[in-house]
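Below is one structure, written out as structure tokens; the observations come after it.
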Amino acid sequence: MAIPFNRWPDALAARYREKGYWAELPLTDILTRHADSERTAIIDGERHISYRELNAASSRMAAALQRRGLKTGDTALVQLGNHAELFITLFALLKAGVAPVNALFSHQRTELTAYAAQIAPRLLVADRAHALFRNDDFLNQLRCDYPTLATIALRGDDGEYSLQSMIDTPQENVGTRSSAPDEVAFFQLSGGSTGTPKLIPRTHNDYYYSIRRSAEICRLNEHTRFLCAIPAAHNYALSSPGSLGVFYCQGCVVLADDPSATLCFPLIEKHQVNVTALVPPAVSLWLQAVGEENGNRQLASLRLLQVGGARFPEALARRVPSEIGCQLQQVFGMAEGLVNYTALDDDDEHIFTTQGRPMCPDDEVWAADENGDPVAPGEVGLLMTRGPYTFRGYYNSPEANAKAFDADGFYCSGDLIVIDKDGYIRVVGREKDQINRGGEKIAAEEIENLLHRHEDIIHAALVSMDDELMGEKSCAFIVGRRPFRPVDIRRWLRELGVADYKLPDKVENVSELPLTHVGKPDKKRLRQLIAGRRLSTN
Ligand code: J2J
């Protein structure tokens with residue numbers, strides 16, 4: 001059975017097909033088009049995996065899953081870090097027509113449970129190296145809560161749950177059973193601004209277009225050697241053009257656990273990496289490191305540095321070409337769809353001061369005022385968009401969708417933007433209740449709900465505060481029956497099982513929260529308060 005999702009209206013779908021954006025191919029085509037190639041697709045530590053091997057391994061795993069009864073339209077919860085198994089599994093699932101949620105490796109019990117609750121997975125693929133899967137407690141709990149969960153495969157397990165044996169064991173080929181190109185291929189994760197993390201259904205047609213067009217804009221080819229040092233499952237690293245864009249062009253993906261200069265610079269030199277994608281804080285650290293001995297020489301092969309995920313200060317942007325010695329590209333994208341790029345041949349001013357232009361001629365993007373009407377040209381407004389690769393609704397979330405979309409199907413991302421006369425976008429702020437901690441998104445409401453579960457917390461509000469390296473960090477204002485130390489708050493949230501990046505960086509005890517005229521915590525006032533307090537204590 002096909003997975004239900006909000007489809008594009010017929011007239012738009014017809015236009016997207018007619019213009020060739022929707023090519024009517026499954027995402028498996030990214031790999032199968034190179035099925036016989038001996039070129040290296042993935043370098044993961046000492047392992048070099050060719051396209052032929054990647055294709056064969058994912059086919060064996062797909063067949064193993066099919067033999068265990070998984071079928072087209074089923075769903076899977078997957079949590080793998082930056083390892084070859086992430087891609088083997090992704091292609092295996094696509095071949096078997098099973099739609100995964102690819103959780104980030106930093107996610108913990110709260111996030112995984114919330115995803116499982118939404119998709120009721122039939123398959124779990126995870127890693128014994130993750131704290132949650134070191135023993136079987138969480139596994140057993142998931143099996144108990146979701147009787148549909150029939151198959152479990154774990155990286156690093158050499159017993160009954162071995163993912164490796166599923167990948168290695170020769171199988172009778174049962175043929176691929178991808179879902180149809182206009183159906184859901186997998187779910188992307190929303191950065192979120194509400195209590196529960198929302199899922200974004202992505203179809204083969206829309207996602208494949210996004211990948212092909214991104215690869216074209218970034219001029220990838222079979223000589224591309226891409227370093228993937230941010231979480232590989234994130235939409236940016238996967239599709240803008242990311243690893244899937246590199247595979248499409250038959251290039252090579254070099255995997256790294258994290259974007260630190262100490263790990264990445266030697267990898268760049270060793271594997272002659274020429275493209276990479278980073279978030280702003282990582283660029284700051286790279287800029288620091290290139291000043292040190294050898295830094296610049298190690299990066300000699302690098303031609304293109306993409307920066308996105310959060311606001312990239314202009315002063316840093318201007319330093320990239322001269323100090324890192326490569327071209328800069330700004331990327332402003334979202335897992336919901338729309339991606340904007342500065343072009344490789346844009347002039348410096350556009351590259352340094354804008355977040356680029358929508359990549360598709362049929363991306364419709366405008367800025368709205370508070371009444372939902374277009375603002376005057378050059379004025380600040382809320383980003384509204386629809387197009388051939390922008391989703392039409394969160395999975396199973398009619399209420400959230402009623403708020404996030406206007407009557408014409410335009411999605412409001414919650415970003416405040418200015419669009420110039422040539423269509424270039426500058427991101428100048430945000431209206432959604434989210435903290436962007438160096439590219440990692442925190443939905444304030446999700447953390448506030450967890451804090452409110454503490455019996456001694458009467459009221460809590462999470463707001464952003466400026467941070468030189470991260471751009472933003474988070475501050476929790478607490479009205480408690482007793483004062484809370486930061487360590488108490490962090491321990492409480494850890495016990496509930498939440499990703500580390502969501503733990504408040506600062507905790508402020510207050511006797512009450514300032515309220516807006518509708519009785520909600522006045523977050524603007526709280527942000528001013530924390531900015532003022534930090535100034536006076538510096
Ligand atoms: C300012 N804010 C930005 C930028 C994203 C490519 C690149 C990034 C993402 C991503 C992605 C920004 N300047 N350059 O999916 O394919 C903020 C905005 C946006 C939100 C989306 C891709 N680039 N942002 O970051 O779904 O607020 O996707 O709405 O994680 O990140 O977050 P996410």
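In the structure tokens, chains take the letters A, B, ... in the order shown, each chain's residues start at 1, and ligands count up from 1 in the order shown.
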Check every protein, DNA and RNA residue against ligand 1, keep those with an atom at most 8 Å away (counting only C-alpha atoms and all ligand atoms), and present them as a PDB file with N, CA and C atoms, in the first residue's frame.
ATOM      1  N   LEU A 189      13.495  15.048   7.979  1.00  0.00           N
ATOM      2  CA  LEU A 189      13.166  15.566   9.304  1.00  0.00           C
ATOM      3  C   LEU A 189      13.001  17.073   9.252  1.00  0.00           C
ATOM      4  N   SER A 190      11.944  17.555   9.866  1.00  0.00           N
ATOM      5  CA  SER A 190      11.765  19.003   9.941  1.00  0.00           C
ATOM      6  C   SER A 190      12.592  19.540  11.103  1.00  0.00           C
ATOM      7  N   GLY A 191      13.166  20.734  10.910  1.00  0.00           N
ATOM      8  CA  GLY A 191      13.880  21.396  12.013  1.00  0.00           C
ATOM      9  C   GLY A 191      12.921  21.634  13.165  1.00  0.00           C
ATOM     10  N   HIS A 234      21.362  14.391   7.049  1.00  0.00           N
ATOM     11  CA  HIS A 234      20.689  15.686   6.990  1.00  0.00           C
ATOM     12  C   HIS A 234      20.467  16.089   5.535  1.00  0.00           C
ATOM     13  N   ASN A 235      19.352  16.778   5.293  1.00  0.00           N
ATOM     14  CA  ASN A 235      18.980  17.123   3.920  1.00  0.00           C
ATOM     15  C   ASN A 235      20.080  17.837   3.145  1.00  0.00           C
ATOM     16  N   TYR A 236      20.790  18.725   3.811  1.00  0.00           N
ATOM     17  CA  TYR A 236      21.870  19.502   3.192  1.00  0.00           C
ATOM     18  C   TYR A 236      22.974  18.556   2.695  1.00  0.00           C
ATOM     19  N   ALA A 237      23.438  17.685   3.599  1.00  0.00           N
ATOM     20  CA  ALA A 237      24.543  16.773   3.263  1.00  0.00           C
ATOM     21  C   ALA A 237      24.109  15.685   2.287  1.00  0.00           C
ATOM     22  N   LEU A 238      22.820  15.407   2.249  1.00  0.00           N
ATOM     23  CA  LEU A 238      22.333  14.318   1.405  1.00  0.00           C
ATOM     24  C   LEU A 238      22.028  14.801  -0.013  1.00  0.00           C
ATOM     25  N   SER A 239      21.552  16.052  -0.136  1.00  0.00           N
ATOM     26  CA  SER A 239      20.931  16.415  -1.421  1.00  0.00           C
ATOM     27  C   SER A 239      21.285  17.777  -1.981  1.00  0.00           C
ATOM     28  N   SER A 240      22.128  18.551  -1.321  1.00  0.00           N
ATOM     29  CA  SER A 240      22.346  19.912  -1.839  1.00  0.00           C
ATOM     30  C   SER A 240      23.789  20.213  -2.246  1.00  0.00           C
ATOM     31  N   PRO A 241      24.351  19.600  -3.238  1.00  0.00           N
ATOM     32  CA  PRO A 241      23.941  18.350  -3.883  1.00  0.00           C
ATOM     33  C   PRO A 241      24.297  17.136  -3.037  1.00  0.00           C
ATOM     34  N   VAL A 307      28.603  26.743   2.240  1.00  0.00           N
ATOM     35  CA  VAL A 307      28.248  27.083   3.620  1.00  0.00           C
ATOM     36  C   VAL A 307      26.750  27.307   3.703  1.00  0.00           C
ATOM     37  N   GLY A 308      26.103  26.642   4.642  1.00  0.00           N
ATOM     38  CA  GLY A 308      24.655  26.805   4.787  1.00  0.00           C
ATOM     39  C   GLY A 308      24.174  26.254   6.106  1.00  0.00           C
ATOM     40  N   GLY A 309      22.862  26.302   6.291  1.00  0.00           N
ATOM     41  CA  GLY A 309      22.249  25.753   7.498  1.00  0.00           C
ATOM     42  C   GLY A 309      21.955  26.813   8.541  1.00  0.00           C
ATOM     43  N   ALA A 310      22.700  27.898   8.493  1.00  0.00           N
ATOM     44  CA  ALA A 310      22.496  28.999   9.435  1.00  0.00           C
ATOM     45  C   ALA A 310      23.141  30.251   8.821  1.00  0.00           C
ATOM     46  N   ARG A 311      22.831  31.402   9.414  1.00  0.00           N
ATOM     47  CA  ARG A 311      23.340  32.659   8.888  1.00  0.00           C
ATOM     48  C   ARG A 311      24.870  32.662   8.892  1.00  0.00           C
ATOM     49  N   PHE A 312      25.458  33.040   7.757  1.00  0.00           N
ATOM     50  CA  PHE A 312      26.917  33.085   7.659  1.00  0.00           C
ATOM     51  C   PHE A 312      27.330  34.549   7.615  1.00  0.00           C
ATOM     52  N   GLN A 330      27.185  30.095  -0.974  1.00  0.00           N
ATOM     53  CA  GLN A 330      26.203  30.102   0.114  1.00  0.00           C
ATOM     54  C   GLN A 330      25.004  29.255  -0.291  1.00  0.00           C
ATOM     55  N   VAL A 331      24.515  28.462   0.647  1.00  0.00           N
ATOM     56  CA  VAL A 331      23.371  27.580   0.415  1.00  0.00           C
ATOM     57  C   VAL A 331      22.329  27.853   1.486  1.00  0.00           C
ATOM     58  N   PHE A 332      21.146  28.194   1.046  1.00  0.00           N
ATOM     59  CA  PHE A 332      20.042  28.411   1.979  1.00  0.00           C
ATOM     60  C   PHE A 332      18.942  27.426   1.597  1.00  0.00           C
ATOM     61  N   GLY A 333      18.829  26.374   2.405  1.00  0.00           N
ATOM     62  CA  GLY A 333      17.867  25.333   2.046  1.00  0.00           C
ATOM     63  C   GLY A 333      17.036  24.923   3.230  1.00  0.00           C
ATOM     64  N   MET A 334      16.139  23.998   2.987  1.00  0.00           N
ATOM     65  CA  MET A 334      15.293  23.471   4.063  1.00  0.00           C
ATOM     66  C   MET A 334      14.833  22.067   3.686  1.00  0.00           C
ATOM     67  N   ALA A 335      14.695  21.218   4.688  1.00  0.00           N
ATOM     68  CA  ALA A 335      14.306  19.836   4.429  1.00  0.00           C
ATOM     69  C   ALA A 335      12.917  19.763   3.791  1.00  0.00           C
ATOM     70  N   GLU A 336      12.131  20.815   3.950  1.00  0.00           N
ATOM     71  CA  GLU A 336      10.797  20.870   3.346  1.00  0.00           C
ATOM     72  C   GLU A 336      10.863  21.032   1.830  1.00  0.00           C
ATOM     73  N   GLY A 337      12.036  21.439   1.300  1.00  0.00           N
ATOM     74  CA  GLY A 337      12.149  21.566  -0.157  1.00  0.00           C
ATOM     75  C   GLY A 337      13.087  22.675  -0.581  1.00  0.00           C
ATOM     76  N   LEU A 338      12.524  23.846  -0.857  1.00  0.00           N
ATOM     77  CA  LEU A 338      13.264  24.967  -1.455  1.00  0.00           C
ATOM     78  C   LEU A 338      14.754  25.042  -1.093  1.00  0.00           C
ATOM     79  N   VAL A 339      15.591  25.149  -2.135  1.00  0.00           N
ATOM     80  CA  VAL A 339      17.025  25.362  -1.916  1.00  0.00           C
ATOM     81  C   VAL A 339      17.486  26.529  -2.793  1.00  0.00           C
ATOM     82  N   ASN A 340      18.263  27.417  -2.189  1.00  0.00           N
ATOM     83  CA  ASN A 340      18.824  28.579  -2.886  1.00  0.00           C
ATOM     84  C   ASN A 340      20.343  28.481  -2.883  1.00  0.00           C
ATOM     85  N   GLN A 355      22.127  34.922   0.245  1.00  0.00           N
ATOM     86  CA  GLN A 355      22.051  33.468   0.425  1.00  0.00           C
ATOM     87  C   GLN A 355      21.614  32.801  -0.878  1.00  0.00           C
ATOM     88  N   SER A 413       8.004  29.225   5.622  1.00  0.00           N
ATOM     89  CA  SER A 413       9.120  28.572   6.336  1.00  0.00           C
ATOM     90  C   SER A 413       9.384  29.208   7.691  1.00  0.00           C
ATOM     91  N   GLY A 414       8.801  30.408   7.926  1.00  0.00           N
ATOM     92  CA  GLY A 414       9.072  31.096   9.194  1.00  0.00           C
ATOM     93  C   GLY A 414      10.336  31.934   9.155  1.00  0.00           C
ATOM     94  N   ASP A 415      11.008  31.964   7.975  1.00  0.00           N
ATOM     95  CA  ASP A 415      12.204  32.809   7.839  1.00  0.00           C
ATOM     96  C   ASP A 415      11.805  34.208   7.386  1.00  0.00           C
ATOM     97  N   ARG A 426      18.152  37.426   0.928  1.00  0.00           N
ATOM     98  CA  ARG A 426      18.947  37.550   2.161  1.00  0.00           C
ATOM     99  C   ARG A 426      18.074  37.126   3.329  1.00  0.00           C
ATOM    100  N   VAL A 427      18.594  36.254   4.173  1.00  0.00           N
ATOM    101  CA  VAL A 427      17.847  35.832   5.363  1.00  0.00           C
ATOM    102  C   VAL A 427      18.211  36.819   6.463  1.00  0.00           C
ATOM    103  N   VAL A 428      17.199  37.534   6.984  1.00  0.00           N
ATOM    104  CA  VAL A 428      17.519  38.577   7.972  1.00  0.00           C
ATOM    105  C   VAL A 428      16.981  38.257   9.362  1.00  0.00           C
ATOM    106  N   ARG A 430      13.954  35.525  11.754  1.00  0.00           N
ATOM    107  CA  ARG A 430      13.116  34.325  11.824  1.00  0.00           C
ATOM    108  C   ARG A 430      11.909  34.630  12.675  1.00  0.00           C
ATOM    109  N   ASN A 436      18.474  28.254  16.194  1.00  0.00           N
ATOM    110  CA  ASN A 436      19.371  27.678  15.186  1.00  0.00           C
ATOM    111  C   ASN A 436      20.783  27.694  15.772  1.00  0.00           C
ATOM    112  N   GLY A 439      23.367  25.709  12.937  1.00  0.00           N
ATOM    113  CA  GLY A 439      22.833  24.815  11.905  1.00  0.00           C
ATOM    114  C   GLY A 439      21.961  23.716  12.496  1.00  0.00           C
ATOM    115  N   GLU A 440      22.141  23.414  13.791  1.00  0.00           N
ATOM    116  CA  GLU A 440      21.276  22.411  14.431  1.00  0.00           C
ATOM    117  C   GLU A 440      20.053  23.131  14.981  1.00  0.00           C
ATOM    118  N   LYS A 441      18.869  22.598  14.629  1.00  0.00           N
ATOM    119  CA  LYS A 441      17.651  23.313  14.963  1.00  0.00           C
ATOM    120  C   LYS A 441      17.019  22.754  16.238  1.00  0.00           C
TER     121      LYS A 441
END
DSSP-assigned strand (DSSP E or B) among region 120-275 of chain A, expressed as number ranges by chain:
A: 123-127, 151-155, 162, 184-189, 199-203, 225-228, 252-255, 275
Please save N, CA, C and O atoms of the selected residues as a compact mmCIF listing (two decimals), in the first residue's frame.
# COMPACT_ATOMS: atom_id res chain seq x y z
N LEU A 123 10.68 -1.96 10.43
CA LEU A 123 12.11 -2.27 10.46
C LEU A 123 12.85 -1.20 11.25
O LEU A 123 12.53 -0.01 11.14
N LEU A 124 13.84 -1.65 12.02
CA LEU A 124 14.74 -0.72 12.70
C LEU A 124 16.16 -1.04 12.27
O LEU A 124 16.59 -2.20 12.34
N VAL A 125 16.90 -0.03 11.80
CA VAL A 125 18.33 -0.21 11.51
C VAL A 125 19.07 0.81 12.36
O VAL A 125 18.81 2.02 12.25
N ALA A 126 19.97 0.34 13.23
CA ALA A 126 20.67 1.26 14.12
C ALA A 126 22.08 0.75 14.35
O ALA A 126 22.55 -0.15 13.63
N ASP A 127 22.77 1.33 15.33
CA ASP A 127 24.20 1.05 15.51
C ASP A 127 24.48 0.70 16.97
O ASP A 127 24.10 1.46 17.87
N THR A 151 11.54 -6.56 12.12
CA THR A 151 12.94 -6.83 11.79
C THR A 151 13.85 -5.76 12.38
O THR A 151 13.54 -4.57 12.33
N ILE A 152 14.98 -6.23 12.93
CA ILE A 152 15.96 -5.32 13.52
C ILE A 152 17.33 -5.67 12.95
O ILE A 152 17.69 -6.85 12.85
N ALA A 153 18.08 -4.66 12.53
CA ALA A 153 19.43 -4.88 12.02
C ALA A 153 20.34 -3.83 12.64
O ALA A 153 20.06 -2.63 12.55
N LEU A 154 21.43 -4.30 13.28
CA LEU A 154 22.30 -3.36 13.98
C LEU A 154 23.72 -3.42 13.43
O LEU A 154 24.32 -4.52 13.33
N ARG A 155 24.27 -2.27 13.12
CA ARG A 155 25.68 -2.18 12.76
C ARG A 155 26.49 -2.52 14.01
O ARG A 155 26.16 -2.06 15.11
N SER A 162 22.63 -8.89 13.34
CA SER A 162 23.74 -8.37 12.54
C SER A 162 23.32 -7.74 11.21
O SER A 162 22.75 -8.41 10.34
N VAL A 184 5.89 8.38 -2.02
CA VAL A 184 6.88 8.74 -0.99
C VAL A 184 8.08 7.78 -1.06
O VAL A 184 7.91 6.57 -1.01
N ALA A 185 9.29 8.37 -1.17
CA ALA A 185 10.51 7.56 -1.15
C ALA A 185 11.03 7.42 0.28
O ALA A 185 11.48 6.37 0.69
N PHE A 186 10.96 8.51 1.02
CA PHE A 186 11.40 8.49 2.42
C PHE A 186 10.92 9.77 3.10
O PHE A 186 10.30 10.62 2.47
N PHE A 187 11.19 9.85 4.41
CA PHE A 187 10.78 11.03 5.17
C PHE A 187 12.00 11.84 5.56
O PHE A 187 12.98 11.29 6.05
N GLN A 188 11.94 13.13 5.34
CA GLN A 188 12.99 14.01 5.83
C GLN A 188 12.54 14.57 7.18
O GLN A 188 11.35 14.54 7.49
N LEU A 189 13.49 15.05 7.98
CA LEU A 189 13.17 15.57 9.30
C LEU A 189 13.00 17.07 9.25
O LEU A 189 13.85 17.78 8.70
N LEU A 199 7.47 15.13 10.30
CA LEU A 199 8.10 14.40 9.20
C LEU A 199 7.65 14.96 7.86
O LEU A 199 6.49 15.33 7.68
N ILE A 200 8.59 14.97 6.92
CA ILE A 200 8.34 15.55 5.60
C ILE A 200 8.38 14.44 4.56
O ILE A 200 9.45 13.88 4.30
N PRO A 201 7.25 14.09 3.98
CA PRO A 201 7.28 13.05 2.95
C PRO A 201 7.96 13.61 1.69
O PRO A 201 7.59 14.68 1.22
N ARG A 202 8.97 12.91 1.18
CA ARG A 202 9.62 13.34 -0.06
C ARG A 202 9.40 12.24 -1.11
O ARG A 202 9.68 11.07 -0.85
N THR A 203 8.96 12.64 -2.28
CA THR A 203 8.74 11.65 -3.35
C THR A 203 10.04 11.47 -4.14
O THR A 203 10.92 12.33 -4.12
N ARG A 225 35.33 14.97 -5.68
CA ARG A 225 35.66 14.21 -4.45
C ARG A 225 35.14 15.06 -3.30
O ARG A 225 35.71 16.09 -2.96
N PHE A 226 34.02 14.59 -2.74
CA PHE A 226 33.23 15.38 -1.79
C PHE A 226 33.48 14.89 -0.37
O PHE A 226 33.32 13.70 -0.08
N LEU A 227 33.86 15.80 0.51
CA LEU A 227 34.01 15.43 1.91
C LEU A 227 32.70 15.67 2.63
O LEU A 227 32.21 16.81 2.68
N CYS A 228 32.13 14.61 3.20
CA CYS A 228 30.88 14.72 3.95
C CYS A 228 31.22 14.63 5.43
O CYS A 228 31.43 13.55 5.96
N CYS A 252 33.13 10.71 -5.88
CA CYS A 252 33.52 9.93 -4.70
C CYS A 252 33.17 10.71 -3.43
O CYS A 252 33.47 11.90 -3.31
N VAL A 253 32.54 10.01 -2.48
CA VAL A 253 32.18 10.62 -1.19
C VAL A 253 33.16 10.13 -0.13
O VAL A 253 33.30 8.93 0.08
N VAL A 254 33.84 11.06 0.52
CA VAL A 254 34.75 10.73 1.62
C VAL A 254 34.02 11.05 2.92
O VAL A 254 33.57 12.19 3.11
N LEU A 255 33.86 10.07 3.80
CA LEU A 255 33.09 10.28 5.02
C LEU A 255 33.98 10.64 6.19
O LEU A 255 35.05 10.05 6.38
N VAL A 275 35.50 19.30 -3.04
CA VAL A 275 34.26 20.00 -2.63
C VAL A 275 33.90 19.56 -1.22
O VAL A 275 34.01 18.38 -0.88
Using only C-alpha atoms, which residue out of A:Asp347, A:Phe410, A:Tyr395, A:Gly192 lies closest to Ile435 (chain A)?
A:Gly192
Report as a tab-separated table the residues of region 177-241 of chain A within 10 Å of region 78-89 of chain A, each with its shortest atom pair and distance in Å (one decimal), using only C-alpha atoms, ordered by chain and increasing residue number.
residue	atom	partner	partner_atom	distance
A:Cys228	CA	A:Asn82	CA	7.9
A:Ala229	CA	A:Asn82	CA	7.8
A:Ile230	CA	A:Asn82	CA	8.2
A:Pro231	CA	A:Asn82	CA	6.5
A:Ala232	CA	A:Asn82	CA	5.6
A:Ala233	CA	A:Gly81	CA	7.8
A:Leu238	CA	A:Phe87	CA	10.0
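Using only C-alpha atoms, the smallest distance between any of A:Asn296, A:Asn221, A:Ser58, A:Ser536 and Ala92 (chain A) comes from A:Ser58.
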7 Å contact set for Gly195 (chain A), only C-alpha atoms, chain neighbours under 4 positions out, as JSON, numbers by chain:
{"A": [445, 446, 449]}
Taking only region 235-357 of chain A into account, list the residues labelled alpha helix (DSSP H) by DSSP (computed from the backbone), as a PyMOL selection string.
chain A and resi 235-239+242-248+261-271+280-290+295-298+314-319+348-353
As a PyMOL selection string, please: the residues near Ala444 (chain A) (cut-off 8 Å, only C-alpha atoms, same-chain neighbours under 4 positions excluded).
chain A and resi 193-195+433-435+448+461-463
Which polymer residues have any atom within 8 Å of an atom of Asp182 (chain A), counting only C-alpha atoms, with same-chain residues fewer than 4 positions away left out, as an NGL selection string?
:A and (24 or 203-205)
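Proximity ranking of A:Ala407, A:Arg481, A:Pro321, A:Ser243 relative to Arg386 (chain A) places A:Ala407 first, based on only C-alpha atoms.
The gap separating CA of Arg47 (chain A) from CA of Lys270 (chain A) is 13.8 Å, in Å to one decimal.
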With a distance cut-off of 10 Å and only C-alpha atoms, select the neighbouring residues of Glu53 (chain A), excluding the residue or stretch itself and same-chain residues fewer than 2 positions from it, and output the selection as a list in words.
Ala35, Asp36, Ser37, Glu38, Arg39, Thr40, Ala41, His48, Ile49, Ser50, Tyr51, Asn55, Ala56, Ala57, Ser58, Ser59 and Ile88 of chain A
Writing out the chosen residues with all heavy atoms as a compact mmCIF listing (two decimals), in the first residue's frame:
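Saved to part00.txt:
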# COMPACT_ATOMS: atom_id res chain seq x y z
N ALA A 35 25.83 0.94 -12.11
CA ALA A 35 25.90 -0.38 -11.47
C ALA A 35 27.17 -1.14 -11.83
O ALA A 35 27.65 -1.95 -11.04
CB ALA A 35 24.68 -1.21 -11.82
N ASP A 36 27.72 -0.90 -13.02
CA ASP A 36 28.89 -1.68 -13.45
C ASP A 36 30.20 -0.93 -13.25
O ASP A 36 31.25 -1.39 -13.67
CB ASP A 36 28.75 -2.06 -14.93
CG ASP A 36 27.52 -2.93 -15.15
OD1 ASP A 36 27.23 -3.75 -14.24
OD2 ASP A 36 26.84 -2.76 -16.17
N SER A 37 30.13 0.22 -12.62
CA SER A 37 31.33 1.05 -12.52
C SER A 37 32.26 0.59 -11.40
O SER A 37 31.82 0.33 -10.28
CB SER A 37 30.93 2.51 -12.28
OG SER A 37 32.04 3.25 -11.88
N GLU A 38 33.55 0.53 -11.72
CA GLU A 38 34.55 0.17 -10.70
C GLU A 38 35.07 1.41 -9.98
O GLU A 38 35.94 1.32 -9.12
CB GLU A 38 35.72 -0.60 -11.33
CG GLU A 38 35.34 -1.97 -11.90
CD GLU A 38 34.75 -2.93 -10.86
OE1 GLU A 38 34.92 -2.69 -9.65
OE2 GLU A 38 34.11 -3.91 -11.28
N ARG A 39 34.56 2.57 -10.34
CA ARG A 39 35.04 3.79 -9.66
C ARG A 39 34.63 3.75 -8.19
O ARG A 39 33.63 3.14 -7.82
CB ARG A 39 34.43 5.03 -10.31
CG ARG A 39 34.88 5.25 -11.74
CD ARG A 39 34.29 6.54 -12.28
NE ARG A 39 35.00 7.70 -11.76
CZ ARG A 39 35.99 8.31 -12.38
NH1 ARG A 39 36.37 7.87 -13.58
NH2 ARG A 39 36.58 9.35 -11.85
N THR A 40 35.40 4.44 -7.36
CA THR A 40 35.11 4.45 -5.92
C THR A 40 33.94 5.39 -5.63
O THR A 40 33.98 6.57 -5.99
CB THR A 40 36.34 4.91 -5.12
OG1 THR A 40 37.41 4.01 -5.42
CG2 THR A 40 36.07 4.90 -3.62
N ALA A 41 32.93 4.85 -4.97
CA ALA A 41 31.77 5.66 -4.58
C ALA A 41 31.96 6.25 -3.19
O ALA A 41 31.64 7.41 -2.94
CB ALA A 41 30.50 4.81 -4.62
N HIS A 48 37.33 1.34 0.83
CA HIS A 48 37.00 2.01 -0.43
C HIS A 48 35.93 1.15 -1.10
O HIS A 48 36.18 -0.03 -1.39
CB HIS A 48 38.22 2.11 -1.35
CG HIS A 48 39.23 3.10 -0.85
ND1 HIS A 48 39.79 4.08 -1.65
CD2 HIS A 48 39.75 3.28 0.39
CE1 HIS A 48 40.63 4.80 -0.92
NE2 HIS A 48 40.64 4.33 0.30
N ILE A 49 34.76 1.70 -1.37
CA ILE A 49 33.66 0.90 -1.91
C ILE A 49 33.30 1.41 -3.30
O ILE A 49 33.03 2.60 -3.48
CB ILE A 49 32.44 0.99 -0.97
CG1 ILE A 49 32.84 0.43 0.40
CG2 ILE A 49 31.23 0.25 -1.53
CD1 ILE A 49 31.79 0.61 1.46
N SER A 50 33.35 0.50 -4.27
CA SER A 50 33.06 0.91 -5.65
C SER A 50 31.55 0.98 -5.87
O SER A 50 30.76 0.47 -5.08
CB SER A 50 33.67 -0.08 -6.63
OG SER A 50 32.93 -1.29 -6.58
N TYR A 51 31.17 1.59 -7.00
CA TYR A 51 29.75 1.64 -7.35
C TYR A 51 29.19 0.23 -7.51
O TYR A 51 28.09 -0.06 -7.07
CB TYR A 51 29.53 2.47 -8.63
CG TYR A 51 29.53 3.95 -8.30
CD1 TYR A 51 30.72 4.68 -8.27
CD2 TYR A 51 28.35 4.60 -7.97
CE1 TYR A 51 30.72 6.02 -7.93
CE2 TYR A 51 28.34 5.94 -7.62
CZ TYR A 51 29.52 6.64 -7.60
OH TYR A 51 29.52 7.97 -7.24
N ASN A 55 26.17 -1.13 -5.20
CA ASN A 55 24.93 -1.61 -5.82
C ASN A 55 24.64 -3.05 -5.41
O ASN A 55 23.50 -3.38 -5.03
CB ASN A 55 25.05 -1.48 -7.34
CG ASN A 55 23.74 -1.81 -8.02
OD1 ASN A 55 22.69 -1.27 -7.64
ND2 ASN A 55 23.77 -2.71 -8.99
N ALA A 56 25.67 -3.89 -5.43
CA ALA A 56 25.46 -5.30 -5.09
C ALA A 56 25.08 -5.43 -3.61
O ALA A 56 24.15 -6.18 -3.26
CB ALA A 56 26.72 -6.10 -5.40
N ALA A 57 25.78 -4.69 -2.74
CA ALA A 57 25.50 -4.79 -1.30
C ALA A 57 24.06 -4.35 -1.00
O ALA A 57 23.34 -4.99 -0.23
CB ALA A 57 26.49 -3.94 -0.52
N SER A 58 23.64 -3.25 -1.63
CA SER A 58 22.28 -2.78 -1.34
C SER A 58 21.24 -3.72 -1.93
O SER A 58 20.17 -3.90 -1.35
CB SER A 58 22.09 -1.34 -1.84
OG SER A 58 22.34 -1.24 -3.21
N SER A 59 21.56 -4.39 -3.04
CA SER A 59 20.61 -5.37 -3.60
C SER A 59 20.48 -6.59 -2.68
O SER A 59 19.38 -7.11 -2.47
CB SER A 59 21.05 -5.84 -4.99
OG SER A 59 20.86 -4.80 -5.91
N ILE A 88 24.33 2.11 2.01
CA ILE A 88 23.91 0.75 1.62
C ILE A 88 22.46 0.55 2.05
O ILE A 88 21.61 0.09 1.28
CB ILE A 88 24.83 -0.31 2.26
CG1 ILE A 88 26.27 -0.14 1.76
CG2 ILE A 88 24.31 -1.72 1.99
CD1 ILE A 88 27.30 -1.03 2.46
